[in-house]
Structures are given as C-alpha cells and as structure tokens.
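Asks: My file is structure-v3.cif. It has mmCIF, C-alpha atoms and all ligand atoms:
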```
data_target
#
loop_
_atom_site.group_PDB
_atom_site.id
_atom_site.type_symbol
_atom_site.label_atom_id
_atom_site.label_comp_id
_atom_site.auth_asym_id
_atom_site.auth_seq_id
_atom_site.Cartn_x
_atom_site.Cartn_y
_atom_site.Cartn_z
ATOM 1 C CA MET A 1 -20.845 -47.524 -5.010
ATOM 2 C CA ASN A 2 -19.306 -50.031 -7.329
ATOM 3 C CA TRP A 3 -15.881 -51.294 -8.159
ATOM 4 C CA ILE A 4 -15.259 -48.407 -10.564
ATOM 5 C CA SER A 5 -15.539 -45.681 -7.914
ATOM 6 C CA ASN A 6 -14.072 -47.816 -5.108
ATOM 7 C CA TYR A 7 -11.138 -49.318 -6.843
ATOM 8 C CA VAL A 8 -10.474 -48.085 -10.365
ATOM 9 C CA ARG A 9 -10.774 -44.343 -9.761
ATOM 10 C CA PRO A 10 -8.482 -44.175 -6.693
ATOM 11 C CA LYS A 11 -5.973 -46.301 -8.548
ATOM 12 C CA ILE A 12 -6.018 -43.936 -11.537
ATOM 13 C CA ASN A 13 -5.828 -40.859 -9.286
ATOM 14 C CA SER A 14 -2.873 -42.240 -7.379
ATOM 15 C CA LEU A 15 -1.044 -43.016 -10.603
ATOM 16 C CA PHE A 16 -1.399 -39.454 -11.859
ATOM 17 C CA SER A 17 -0.830 -37.640 -8.583
ATOM 18 C CA ARG A 18 2.296 -39.677 -7.849
ATOM 19 C CA ARG A 19 3.819 -38.397 -11.040
ATOM 20 C CA GLU A 20 3.019 -34.779 -10.232
ATOM 21 C CA VAL A 21 4.450 -34.714 -6.710
ATOM 22 C CA PRO A 22 8.212 -34.594 -7.337
ATOM 23 C CA GLU A 23 7.923 -31.824 -9.934
ATOM 24 C CA ASN A 24 5.622 -29.503 -8.029
ATOM 25 C CA LEU A 25 6.599 -29.868 -4.406
ATOM 26 C CA TRP A 26 10.350 -30.353 -4.469
ATOM 27 C CA THR A 27 13.208 -28.290 -5.834
ATOM 28 C CA LYS A 28 16.650 -29.758 -6.297
ATOM 29 C CA CYS A 29 19.469 -27.507 -5.106
ATOM 30 C CA PRO A 30 21.703 -26.953 -8.171
ATOM 31 C CA GLU A 31 24.774 -26.729 -5.921
ATOM 32 C CA CYS A 32 24.555 -29.720 -3.549
ATOM 33 C CA GLY A 33 21.696 -31.742 -5.061
ATOM 34 C CA THR A 34 19.569 -31.808 -1.893
ATOM 35 C CA MET A 35 15.837 -32.107 -2.531
ATOM 36 C CA LEU A 36 14.173 -29.146 -0.844
ATOM 37 C CA PHE A 37 10.479 -28.950 0.006
ATOM 38 C CA HIS A 38 9.147 -25.908 -1.828
ATOM 39 C CA ARG A 39 7.322 -24.327 1.124
ATOM 40 C CA GLU A 40 10.385 -24.688 3.326
ATOM 41 C CA LEU A 41 12.563 -23.262 0.573
ATOM 42 C CA ALA A 42 10.272 -20.242 0.152
ATOM 43 C CA GLY A 43 10.286 -19.721 3.931
ATOM 44 C CA ASN A 44 14.079 -19.727 3.759
ATOM 45 C CA LEU A 45 14.053 -16.981 1.063
ATOM 46 C CA ASN A 46 15.083 -19.514 -1.609
ATOM 47 C CA VAL A 47 18.366 -20.261 0.147
ATOM 48 C CA CYS A 48 19.349 -23.948 0.353
ATOM 49 C CA SER A 49 19.117 -25.063 3.985
ATOM 50 C CA ASN A 50 21.902 -27.587 3.408
ATOM 51 C CA CYS A 51 24.660 -25.631 1.610
ATOM 52 C CA ASP A 52 23.460 -21.990 1.815
ATOM 53 C CA HIS A 53 23.328 -21.688 -1.973
ATOM 54 C CA HIS A 54 21.329 -18.551 -2.901
ATOM 55 C CA MET A 55 18.801 -19.416 -5.611
ATOM 56 C CA ALA A 56 16.935 -16.837 -7.640
ATOM 57 C CA ILE A 57 14.064 -15.035 -5.935
ATOM 58 C CA SER A 58 11.446 -12.997 -7.816
ATOM 59 C CA PRO A 59 11.315 -9.232 -7.148
ATOM 60 C CA ARG A 60 7.832 -9.527 -5.660
ATOM 61 C CA GLU A 61 8.878 -12.339 -3.277
ATOM 62 C CA ARG A 62 11.942 -10.335 -2.323
ATOM 63 C CA PHE A 63 9.848 -7.276 -1.514
ATOM 64 C CA GLU A 64 7.359 -9.352 0.473
ATOM 65 C CA ALA A 65 10.223 -10.536 2.657
ATOM 66 C CA LEU A 66 11.906 -7.124 2.802
ATOM 67 C CA PHE A 67 9.101 -4.694 3.629
ATOM 68 C CA ASP A 68 7.445 -4.641 7.072
ATOM 69 C CA GLY A 69 4.539 -7.076 7.131
ATOM 70 C CA GLY A 70 5.147 -7.760 3.433
ATOM 71 C CA ILE A 71 3.328 -4.504 2.644
ATOM 72 C CA PHE A 72 4.521 -2.244 -0.157
ATOM 73 C CA THR A 73 3.069 -0.125 -2.953
ATOM 74 C CA ASP A 74 4.136 -0.539 -6.563
ATOM 75 C CA VAL A 75 5.597 2.612 -8.089
ATOM 76 C CA LYS A 76 4.110 3.135 -11.537
ATOM 77 C CA VAL A 77 6.589 2.779 -14.385
ATOM 78 C CA PRO A 78 5.662 4.594 -17.636
ATOM 79 C CA ASP A 79 5.247 2.299 -20.638
ATOM 80 C CA ALA A 80 8.044 2.294 -23.177
ATOM 81 C CA VAL A 81 7.598 2.127 -26.957
ATOM 82 C CA ALA A 82 6.937 -1.497 -27.837
ATOM 83 C CA ASP A 83 9.257 -3.145 -30.361
ATOM 84 C CA PRO A 84 10.684 0.017 -31.999
ATOM 85 C CA LEU A 85 13.042 -1.959 -34.264
ATOM 86 C CA HIS A 86 10.516 -4.662 -35.277
ATOM 87 C CA PHE A 87 13.109 -7.116 -34.085
ATOM 88 C CA ARG A 88 12.841 -10.771 -34.847
ATOM 89 C CA ASP A 89 15.191 -13.696 -34.103
ATOM 90 C CA GLN A 90 13.664 -17.176 -33.814
ATOM 91 C CA LYS A 91 10.676 -15.403 -32.299
ATOM 92 C CA LYS A 92 9.222 -11.929 -32.687
ATOM 93 C CA TYR A 93 10.227 -9.570 -29.860
ATOM 94 C CA PRO A 94 6.592 -8.828 -28.838
ATOM 95 C CA ASP A 95 5.995 -12.601 -28.560
ATOM 96 C CA ARG A 96 9.029 -12.982 -26.285
ATOM 97 C CA ILE A 97 7.800 -10.113 -24.115
ATOM 98 C CA LYS A 98 4.322 -11.610 -23.907
ATOM 99 C CA ALA A 99 5.695 -15.016 -22.879
ATOM 100 C CA ALA A 100 7.909 -13.430 -20.210
ATOM 101 C CA GLN A 101 5.001 -11.346 -18.904
ATOM 102 C CA LYS A 102 2.817 -14.410 -18.686
ATOM 103 C CA ALA A 103 5.465 -16.457 -16.876
ATOM 104 C CA SER A 104 6.395 -13.741 -14.371
ATOM 105 C CA GLY A 105 3.110 -11.856 -13.972
ATOM 106 C CA GLU A 106 5.079 -8.592 -14.279
ATOM 107 C CA LYS A 107 5.271 -5.975 -17.017
ATOM 108 C CA ASP A 108 9.026 -6.056 -17.509
ATOM 109 C CA ALA A 109 12.308 -6.989 -15.832
ATOM 110 C CA MET A 110 12.355 -4.292 -13.125
ATOM 111 C CA LEU A 111 9.849 -3.885 -10.296
ATOM 112 C CA VAL A 112 9.758 -0.656 -8.272
ATOM 113 C CA ALA A 113 8.063 -0.295 -4.895
ATOM 114 C CA GLU A 114 7.868 1.996 -1.889
ATOM 115 C CA GLY A 115 7.300 1.066 1.727
ATOM 116 C CA GLU A 116 8.952 0.736 5.108
ATOM 117 C CA VAL A 117 11.685 -1.644 6.192
ATOM 118 C CA MET A 118 11.975 -1.889 9.980
ATOM 119 C CA ARG A 119 10.048 1.395 10.058
ATOM 120 C CA THR A 120 12.581 2.983 7.714
ATOM 121 C CA PRO A 121 10.903 4.467 4.622
ATOM 122 C CA ILE A 122 12.624 3.536 1.366
ATOM 123 C CA VAL A 123 12.070 3.161 -2.365
ATOM 124 C CA ALA A 124 13.307 -0.154 -3.761
ATOM 125 C CA ALA A 125 13.814 -1.560 -7.240
ATOM 126 C CA ALA A 126 14.528 -5.195 -8.080
ATOM 127 C CA GLN A 127 15.437 -6.841 -11.339
ATOM 128 C CA ASP A 128 14.134 -10.223 -12.429
ATOM 129 C CA PHE A 129 16.681 -12.439 -14.181
ATOM 130 C CA SER A 130 13.944 -14.842 -15.258
ATOM 131 C CA PHE A 131 12.385 -12.053 -17.356
ATOM 132 C CA MET A 132 14.425 -12.222 -20.598
ATOM 133 C CA ALA A 133 17.639 -12.569 -18.555
ATOM 134 C CA GLY A 134 16.838 -9.357 -16.672
ATOM 135 C CA SER A 135 17.922 -7.516 -19.791
ATOM 136 C CA MET A 136 18.016 -3.733 -19.725
ATOM 137 C CA GLY A 137 15.641 -2.264 -22.278
ATOM 138 C CA MET A 138 13.760 1.005 -22.316
ATOM 139 C CA ASN A 139 11.306 -0.239 -19.722
ATOM 140 C CA VAL A 140 14.094 -1.004 -17.237
ATOM 141 C CA GLY A 141 15.470 2.497 -17.920
ATOM 142 C CA ASN A 142 12.024 3.947 -17.224
ATOM 143 C CA ALA A 143 11.817 1.923 -14.002
ATOM 144 C CA ILE A 144 15.133 3.289 -12.705
ATOM 145 C CA ILE A 145 14.097 6.847 -13.531
ATOM 146 C CA ALA A 146 10.687 6.341 -11.886
ATOM 147 C CA ALA A 147 12.422 4.905 -8.803
ATOM 148 C CA ALA A 148 14.890 7.798 -8.565
ATOM 149 C CA GLN A 149 12.181 10.427 -9.116
ATOM 150 C CA ARG A 150 9.950 8.873 -6.476
ATOM 151 C CA ALA A 151 12.863 8.669 -4.012
ATOM 152 C CA VAL A 152 13.673 12.352 -4.559
ATOM 153 C CA GLN A 153 9.985 13.311 -4.272
ATOM 154 C CA LEU A 154 9.643 11.476 -0.946
ATOM 155 C CA SER A 155 13.200 12.249 0.259
ATOM 156 C CA ARG A 156 13.916 8.556 0.680
ATOM 157 C CA PRO A 157 16.950 6.433 -0.127
ATOM 158 C CA LEU A 158 16.874 4.074 -3.121
ATOM 159 C CA VAL A 159 17.871 0.432 -2.758
ATOM 160 C CA LEU A 160 18.347 -1.446 -6.022
ATOM 161 C CA PHE A 161 18.729 -5.217 -6.381
ATOM 162 C CA SER A 162 20.419 -5.929 -9.700
ATOM 163 C CA ALA A 163 20.283 -9.173 -11.719
ATOM 164 C CA SER A 164 20.911 -8.967 -15.420
ATOM 165 C CA GLY A 165 22.701 -10.400 -18.404
ATOM 166 C CA GLY A 166 23.163 -6.861 -19.733
ATOM 167 C CA ALA A 167 21.563 -4.908 -22.557
ATOM 168 C CA ARG A 168 18.431 -6.143 -24.360
ATOM 169 C CA MET A 169 19.590 -6.918 -27.872
ATOM 170 C CA GLN A 170 16.055 -6.694 -29.265
ATOM 171 C CA GLU A 171 16.171 -2.949 -28.593
ATOM 172 C CA GLY A 172 19.689 -2.461 -29.990
ATOM 173 C CA MET A 173 21.010 1.076 -29.639
ATOM 174 C CA LEU A 174 17.954 2.130 -27.591
ATOM 175 C CA SER A 175 18.933 -0.427 -24.983
ATOM 176 C CA LEU A 176 22.472 0.950 -24.751
ATOM 177 C CA MET A 177 20.970 4.423 -24.281
ATOM 178 C CA GLN A 178 19.696 3.221 -20.905
ATOM 179 C CA MET A 179 23.248 3.293 -19.556
ATOM 180 C CA PRO A 180 23.562 7.115 -19.667
ATOM 181 C CA ARG A 181 19.848 7.475 -18.828
ATOM 182 C CA SER A 182 20.155 5.433 -15.629
ATOM 183 C CA THR A 183 23.395 7.264 -14.792
ATOM 184 C CA VAL A 184 21.471 10.554 -14.908
ATOM 185 C CA ALA A 185 18.819 9.017 -12.635
ATOM 186 C CA VAL A 186 21.501 8.064 -10.097
ATOM 187 C CA GLN A 187 22.905 11.588 -10.349
ATOM 188 C CA MET A 188 19.482 12.970 -9.376
ATOM 189 C CA LEU A 189 19.747 11.066 -6.081
ATOM 190 C CA LYS A 190 23.280 12.314 -5.450
ATOM 191 C CA GLU A 191 22.225 15.911 -6.073
ATOM 192 C CA ALA A 192 19.352 15.479 -3.614
ATOM 193 C CA GLY A 193 21.813 14.069 -1.050
ATOM 194 C CA LEU A 194 19.989 10.742 -0.864
ATOM 195 C CA PRO A 195 21.762 7.401 -0.462
ATOM 196 C CA TYR A 196 21.738 4.962 -3.356
ATOM 197 C CA ILE A 197 22.564 1.417 -2.301
ATOM 198 C CA VAL A 198 23.067 -1.393 -4.795
ATOM 199 C CA VAL A 199 22.694 -5.062 -3.896
ATOM 200 C CA LEU A 200 24.302 -7.125 -6.632
ATOM 201 C CA THR A 201 22.665 -10.523 -6.991
ATOM 202 C CA HIS A 202 23.497 -13.503 -9.175
ATOM 203 C CA PRO A 203 24.223 -12.774 -11.996
ATOM 204 C CA THR A 204 24.897 -9.101 -12.737
ATOM 205 C CA THR A 205 26.859 -8.650 -15.942
ATOM 206 C CA GLY A 206 27.290 -6.579 -19.100
ATOM 207 C CA GLY A 207 26.016 -3.032 -19.514
ATOM 208 C CA VAL A 208 24.208 -3.140 -16.180
ATOM 209 C CA THR A 209 27.537 -3.578 -14.351
ATOM 210 C CA ALA A 210 28.879 -0.778 -16.548
ATOM 211 C CA SER A 211 26.187 1.647 -15.400
ATOM 212 C CA TYR A 212 23.706 1.876 -12.519
ATOM 213 C CA ALA A 213 24.780 -1.351 -10.751
ATOM 214 C CA MET A 214 28.254 0.053 -10.060
ATOM 215 C CA LEU A 215 27.298 3.647 -9.201
ATOM 216 C CA GLY A 216 25.999 3.103 -5.676
ATOM 217 C CA ASP A 217 27.228 4.859 -2.568
ATOM 218 C CA VAL A 218 27.514 1.362 -1.077
ATOM 219 C CA HIS A 219 27.803 -1.927 -2.958
ATOM 220 C CA LEU A 220 26.568 -5.070 -1.265
ATOM 221 C CA ALA A 221 26.330 -8.499 -2.889
ATOM 222 C CA GLU A 222 24.752 -11.857 -2.160
ATOM 223 C CA PRO A 223 27.167 -14.763 -1.534
ATOM 224 C CA ASN A 224 28.739 -16.365 -4.602
ATOM 225 C CA ALA A 225 26.937 -13.996 -7.003
ATOM 226 C CA GLN A 226 28.591 -13.732 -10.409
ATOM 227 C CA ILE A 227 29.411 -10.087 -11.114
ATOM 228 C CA GLY A 228 31.372 -8.887 -14.114
ATOM 229 C CA PHE A 229 31.336 -7.058 -17.408
ATOM 230 C CA ALA A 230 32.470 -9.568 -20.044
ATOM 231 C CA GLY A 231 32.103 -13.317 -19.475
ATOM 232 C CA ALA A 232 35.076 -15.293 -18.142
ATOM 233 C CA ARG A 233 35.421 -17.303 -21.373
ATOM 234 C CA VAL A 234 35.655 -14.164 -23.521
ATOM 235 C CA ILE A 235 38.331 -12.701 -21.231
ATOM 236 C CA GLU A 236 40.323 -15.945 -21.248
ATOM 237 C CA GLN A 237 40.269 -16.076 -25.022
ATOM 238 C CA THR A 238 41.277 -12.422 -25.302
ATOM 239 C CA ILE A 239 44.165 -12.335 -22.840
ATOM 240 C CA ARG A 240 45.133 -16.012 -23.362
ATOM 241 C CA GLU A 241 45.613 -16.594 -19.663
ATOM 242 C CA LYS A 242 43.969 -18.876 -17.147
ATOM 243 C CA LEU A 243 41.754 -16.873 -14.807
ATOM 244 C CA PRO A 244 42.103 -17.295 -11.035
ATOM 245 C CA GLU A 245 39.751 -19.451 -8.949
ATOM 246 C CA GLY A 246 36.523 -17.713 -7.962
ATOM 247 C CA PHE A 247 37.020 -15.029 -10.617
ATOM 248 C CA GLN A 248 33.991 -12.674 -10.948
ATOM 249 C CA ARG A 249 32.380 -14.086 -7.807
ATOM 250 C CA ALA A 250 31.205 -11.781 -5.008
ATOM 251 C CA GLU A 251 33.841 -12.951 -2.484
ATOM 252 C CA TYR A 252 36.674 -12.475 -4.995
ATOM 253 C CA LEU A 253 35.439 -8.977 -5.844
ATOM 254 C CA LEU A 254 35.190 -8.122 -2.147
ATOM 255 C CA ASP A 255 38.828 -9.164 -1.659
ATOM 256 C CA HIS A 256 39.841 -6.946 -4.594
ATOM 257 C CA GLY A 257 37.969 -3.824 -3.519
ATOM 258 C CA MET A 258 35.043 -3.915 -5.958
ATOM 259 C CA LEU A 259 32.446 -4.496 -3.246
ATOM 260 C CA ASP A 260 31.894 -3.199 0.257
ATOM 261 C CA ARG A 261 30.354 -6.293 1.786
ATOM 262 C CA VAL A 262 28.956 -9.734 0.958
ATOM 263 C CA VAL A 263 25.743 -10.275 2.891
ATOM 264 C CA HIS A 264 23.619 -13.408 3.398
ATOM 265 C CA ARG A 265 20.075 -12.925 2.083
ATOM 266 C CA LYS A 266 18.631 -13.434 5.550
ATOM 267 C CA ALA A 267 20.837 -10.718 7.044
ATOM 268 C CA MET A 268 20.245 -8.257 4.179
ATOM 269 C CA LYS A 269 17.302 -6.428 5.742
ATOM 270 C CA GLU A 270 19.157 -5.470 8.931
ATOM 271 C CA GLU A 271 22.301 -4.616 6.991
ATOM 272 C CA LEU A 272 20.376 -2.273 4.678
ATOM 273 C CA VAL A 273 18.464 -0.597 7.487
ATOM 274 C CA GLY A 274 21.668 -0.079 9.509
ATOM 275 C CA LEU A 275 23.383 1.532 6.522
ATOM 276 C CA ILE A 276 20.418 3.685 5.515
ATOM 277 C CA ARG A 277 19.824 5.032 8.999
ATOM 278 C CA LEU A 278 23.517 5.835 9.332
ATOM 279 C CA LEU A 279 23.629 7.622 5.957
ATOM 280 C CA MET A 280 20.336 9.458 6.533
ATOM 281 C CA GLY A 281 21.357 10.568 10.041
ATOM 282 C CA LEU A 282 18.460 8.681 11.657
ATOM 283 C CA PRO A 283 18.637 7.025 15.095
ATOM 284 C CA PRO A 284 19.313 3.255 15.037
ATOM 285 C CA ALA A 285 16.341 1.028 14.187
ATOM 286 C CA ILE A 286 14.246 -0.433 16.978
ATOM 287 C CA LYS A 287 14.765 -4.174 17.214
ATOM 288 C CA GLY A 288 12.321 -6.694 18.585
ATOM 289 C CA ASP A 289 8.553 -6.479 18.634
ATOM 290 C CA LEU A 290 7.123 -3.220 17.467
ATOM 291 C CA ALA A 291 3.899 -1.702 18.748
ATOM 292 C CA ALA A 292 0.898 -1.978 16.453
ATOM 293 C CA PRO A 293 0.432 1.093 14.199
ATOM 294 C CA SER A 294 -2.751 2.116 16.104
ATOM 295 C CA GLU A 295 -0.839 2.297 19.415
ATOM 296 C CA VAL A 296 1.874 4.421 17.850
ATOM 297 C CA ALA A 297 -0.786 6.804 16.507
ATOM 298 C CA GLU A 298 -2.305 7.029 20.003
ATOM 299 C CA GLN A 299 1.080 7.872 21.511
ATOM 300 C CA ALA A 300 1.702 10.518 18.891
ATOM 301 C CA LYS A 301 -1.592 12.199 19.757
ATOM 302 C CA ALA A 302 -0.892 12.160 23.525
HETATM 303 ZN ZN ZN A 401 22.328 -26.841 -1.541
#
```
Render the structure in this file as structure tokens.

Replies:
Amino acid sequence: MNWISNYVRPKINSLFSRREVPENLWTKCPECGTMLFHRELAGNLNVCSNCDHHMAISPRERFEALFDGGIFTDVKVPDAVADPLHFRDQKKYPDRIKAAQKASGEKDAMLVAEGEVMRTPIVAAAQDFSFMAGSMGMNVGNAIIAAAQRAVQLSRPLVLFSASGGARMQEGMLSLMQMPRSTVAVQMLKEAGLPYIVVLTHPTTGGVTASYAMLGDVHLAEPNAQIGFAGARVIEQTIREKLPEGFQRAEYLLDHGMLDRVVHRKAMKEELVGLIRLLMGLPPAIKGDLAAPSEVAEQAKA
C-alpha cells in the first residue's frame, strides 16, 4: 500500500462517481420538478409519487407489470420490407431504425404478447413512443394483424395500448396503408365476437387516432394523456380561434364523450380484467392471494 492506492485512487474514483450519480439514479418529474429515485419510480410504474404525473413506460415494462408474475410470451410479428422508398432525410431510414432498435432493444414500435392477467387470458399489444415517435409503419401494421390473428386463434380479447405521433413518413403511402389494414384486423375481432379494448396513452395522435386507436369496443385513457388528430397549433391557425383549456387531454375528451373512462396506471389492470370478464361472460376475477399453479392442477385432477 502506498499513497497512490490509499489516497489518490479513492479521490479520483469519488470525483468520477459523484458526477455519475445524479444522471443515472434520479429522474426529474417534468411536471412538478421533484427528483425521483429511479428504482422507486420504476416500482411506481413510472408515475410521479408527488404529483401523479404519468411518464412514459416501455411496452416490455408495461407487460411485466400487467401480466401475472410478469410472465408473458412474445407473439411473433412478421418482418416488413425494409426501407421500400430508400428514404433519406438528415439520416438514412435504415440508420434511424437501427438506432431506435439499439436504444429500445425491440424490433419496431409495437410489441405483442400473450399471457394471463389475474388469471384472465388475453393478447396485448403496446406501442413505444420512444421508438421513432411510435410511428405507424408496415411493421406496426403487421404487429396489429399478428395480434388480432392470435387473439382470434386463441379466442381471447385484445388489449392495445396506443402511443404514437401518427404515420411513419419514411414509409410514405405504405404507412398510410396501415390505417385500412389495421381496421380490417379490428374487424376480424368483431366478427369473431371478441372484445377489443384500447388504452390511449400519452400521446396518441395523427393517423393512429384516425384508425385502430379509436375503433375499440371500450376506450380507456391514462390521466392527462394528449389524444387528438391534428395538433392544437394547427387547429388554432386553421380556425383562428383560441382553443379551450385542457383541449385534447384525456379528461376533456371524457367530458365530451370521446372516451369511456380515464384510469390511473395502477388501477388499469383491475379495470381491464373487470371489463374483459364482463364482455366475455366470465365470472368475476378472484381477488387476493391465488393458489400456486401446482395446487390448482391438483384440484383439477381430484
Ligand atoms: Zn411530479
């Protein structure tokens, strides 16, 4: 031991680690400014414990919280044609996709899974706004079709969490084609007599609001989520009128009949299960501690 290992190295380490702490461990609530410890925030489903502001949550984190024991199986989504228009803005489209895939760890903006929620079998799809603004390209269209087909195959309801800026401009016309495509997918569920429930999360706008996000049997939304077709600024400039307070927010839309209910993220699971069991004609869900799967299997045999 010498003064380098005893004194200099700890000093250097403390200098560097001190700088890393605030960035990695704390998240500032964009609404009230409270510093939130990241583990606590994740345990609270990314909802601010001070002001109840609902921050973004990734589809995979959402599913982990939604499905029993955090267990679910990904539903395979067929690959779409990559970069059919050879689109390029400041960056090439394939480069943008690659960066988004690397950042999110997912293939595209929509994740589809199957599993049980409070012992209620469902198929669920969730959109990731952080993946190129949750934009609807061919892959998102494929995901909705895969979700609907799987739901019909298993005779399960489909729950879809939307979050999107609208169509994916890098796919031009092919992106807009996903509006009728996803509408047909929803129709498949209706023909099979299966419930389709949409949970609109912040923000859901553009072509997504003009198609599958507004075609549910029931429309729920998270508090204060922005939901609309065109942006408020565009509307103001077009009609030359000041828009009312809270315009295009979930609570405003609920008051005006666009939504059925605004539900806190923590209460969403029970709300969904209650609705699904009602619509599917199932008995109410069992609340409280459930028996381990092995015990249930034993009882079934007896
Ligand atoms: Zn807050």

Asks: Atom CA of A:Met169 to atom CA of A:Ala213: how many Å, to one decimal?

Replies: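 Atom-to-atom, atom CA of A:Met169 to atom CA of A:Ala213, that is 18.7 Å.
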
Asks: If you measure from atom CA of A:Gln248 to atom CA of A:Pro180, what distance in Å do you get, rounded to one decimal?

Replies: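 Between these atoms lies a distance of 24.0 Å.
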
Asks: Per residue of stretch 63-103 of chain A within 9 Å of stretch 265-271 of chain A, note the shortest atom pair and the distance in Å to one decimal, counting only C-alpha atoms, and order the rows by chain and increasing residue number, as CSV.

Replies:
```
residue,atom,partner,partner_atom,distance
A:Ala65,CA,A:Lys269,CA,8.7
A:Leu66,CA,A:Lys269,CA,6.2
A:Phe67,CA,A:Lys269,CA,8.6
```

Asks: Collect all residues with atoms no farther than 9 Å from ligand ZN 401 (chain A), counting all atoms listed in the file, and output them as a PyMOL selection string.

Replies: chain A and resi 28-36+47-54

Asks: Step by step, work through what the PyMOL selection byres (((chain A and resi 202) around 6) and not hetatm) selects in the shown file, and finish by giving those residues as a list in words.

Replies: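 Matching residues under the PyMOL selection byres (((chain A and resi 202) around 6) and not hetatm) are Ala163, Thr201, Pro203, Thr204, Ala225 and Gln226 of chain A.
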
Asks: Report the distance between atom CA of A:Ala192 and atom CA of A:Leu154 in Å, rounded to one decimal place.

Replies: 10.8 Å

Asks: Evaluated on this file, the PyMOL selection byres (((chain A and resi 194) around 10) and not hetatm) picks out some residues - which ones are they, written as a ChimeraX atom specification?

Replies: /A:148,151-152,155-158,186-193,195-197,217,276,279-280

Asks: Find the spatial neighbours of A:Glu251, counting all atoms listed in the file, within a cut-off of 10 Å - ignore same-chain residues fewer than 2 positions away - and output them as a list in words.

Replies: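 Close residues of A:Glu251: Ala221, Glu222, Pro223, Asn224, Ala225, Gln226, Gly246, Phe247, Gln248, Arg249, Leu253, Leu254, Asp255, His256, Met258, Leu259, Arg261 and Val262 of chain A.
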
Asks: Which residues of stretch 194-280 of chain A sit at most 8 Å from stretch 120-140 of chain A, using all atoms listed in the file? Give each one's shortest atom pair and distance in Å (one decimal place), in chain and ascending residue order, as JSON lines.

Replies:
```
{"residue": "A:Pro203", "atom": "CA", "partner": "A:Phe129", "partner_atom": "CA", "distance": 7.9}
{"residue": "A:Val208", "atom": "CA", "partner": "A:Met136", "partner_atom": "CA", "distance": 7.2}
{"residue": "A:Val273", "atom": "CA", "partner": "A:Thr120", "partner_atom": "CA", "distance": 6.9}
{"residue": "A:Arg277", "atom": "CA", "partner": "A:Thr120", "partner_atom": "CA", "distance": 7.6}
```

Asks: I'd like the residues picked by the PyMOL selection byres (((chain A and resi 231) around 12) and not hetatm) written out as a list in words, using the chain letters and numbers from the file.

Replies: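 Applying the expression gives Gly165, Gly166, Pro203, Thr204, Thr205, Gly206, Gly207, Thr209, Gln226, Ile227, Gly228, Phe229, Ala230, Ala232, Arg233, Val234, Ile235, Glu236, Gln237, Thr238, Leu243, Phe247, Gln248 and Arg249 of chain A.
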
Asks: Please provide the set of residues having any atom within 12 Å of A:Asp83, restricted to all atoms listed in the file, with same-chain residues fewer than 3 positions apart removed, written as a short mmCIF file (atom, residue, chain, number, x, y, z; two decimals) with C-alpha atoms, keeping the file's coordinate frame.

Replies:
```
data_model
loop_
_atom_site.label_atom_id
_atom_site.label_comp_id
_atom_site.auth_asym_id
_atom_site.auth_seq_id
_atom_site.Cartn_x
_atom_site.Cartn_y
_atom_site.Cartn_z
CA ASP A 79 5.25 2.30 -20.64
CA ALA A 80 8.04 2.29 -23.18
CA HIS A 86 10.52 -4.66 -35.28
CA PHE A 87 13.11 -7.12 -34.08
CA ARG A 88 12.84 -10.77 -34.85
CA LYS A 92 9.22 -11.93 -32.69
CA TYR A 93 10.23 -9.57 -29.86
CA PRO A 94 6.59 -8.83 -28.84
CA ASP A 95 6.00 -12.60 -28.56
CA ARG A 96 9.03 -12.98 -26.28
CA ILE A 97 7.80 -10.11 -24.12
CA LYS A 98 4.32 -11.61 -23.91
CA GLY A 137 15.64 -2.26 -22.28
CA MET A 138 13.76 1.00 -22.32
CA ASN A 139 11.31 -0.24 -19.72
CA ARG A 168 18.43 -6.14 -24.36
CA MET A 169 19.59 -6.92 -27.87
CA GLN A 170 16.06 -6.69 -29.26
CA GLU A 171 16.17 -2.95 -28.59
CA GLY A 172 19.69 -2.46 -29.99
CA LEU A 174 17.95 2.13 -27.59
CA SER A 175 18.93 -0.43 -24.98
#
```

Asks: What's around A:Arg62 at 10 Å? Count only C-alpha atoms, leave out sequence neighbours fewer than 6 positions away in its own chain, and write the answer as a list of chain:residue names.

Replies: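 In the requested format, the answer is A:Leu45, A:Asn46, A:Ala56, A:Gly70, A:Ala126, A:Phe161, A:Arg265.
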
Asks: My list of candidates is A:Asp260, A:Asp74, A:Glu116, A:Glu106. Which is closest to A:Ser58 when distances are computed with all atoms listed in the file?

Replies: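 Ranked by minimum distance to A:Ser58, first place goes to A:Glu106.
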
Asks: Have a look at A:Gly216, A:Gly69, A:Pro284, A:Gly43 and name the one nearest to A:Leu160; count all atoms listed in the file.

Replies: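 Nearest candidate to A:Leu160 out of A:Gly216, A:Gly69, A:Pro284, A:Gly43: A:Gly216.
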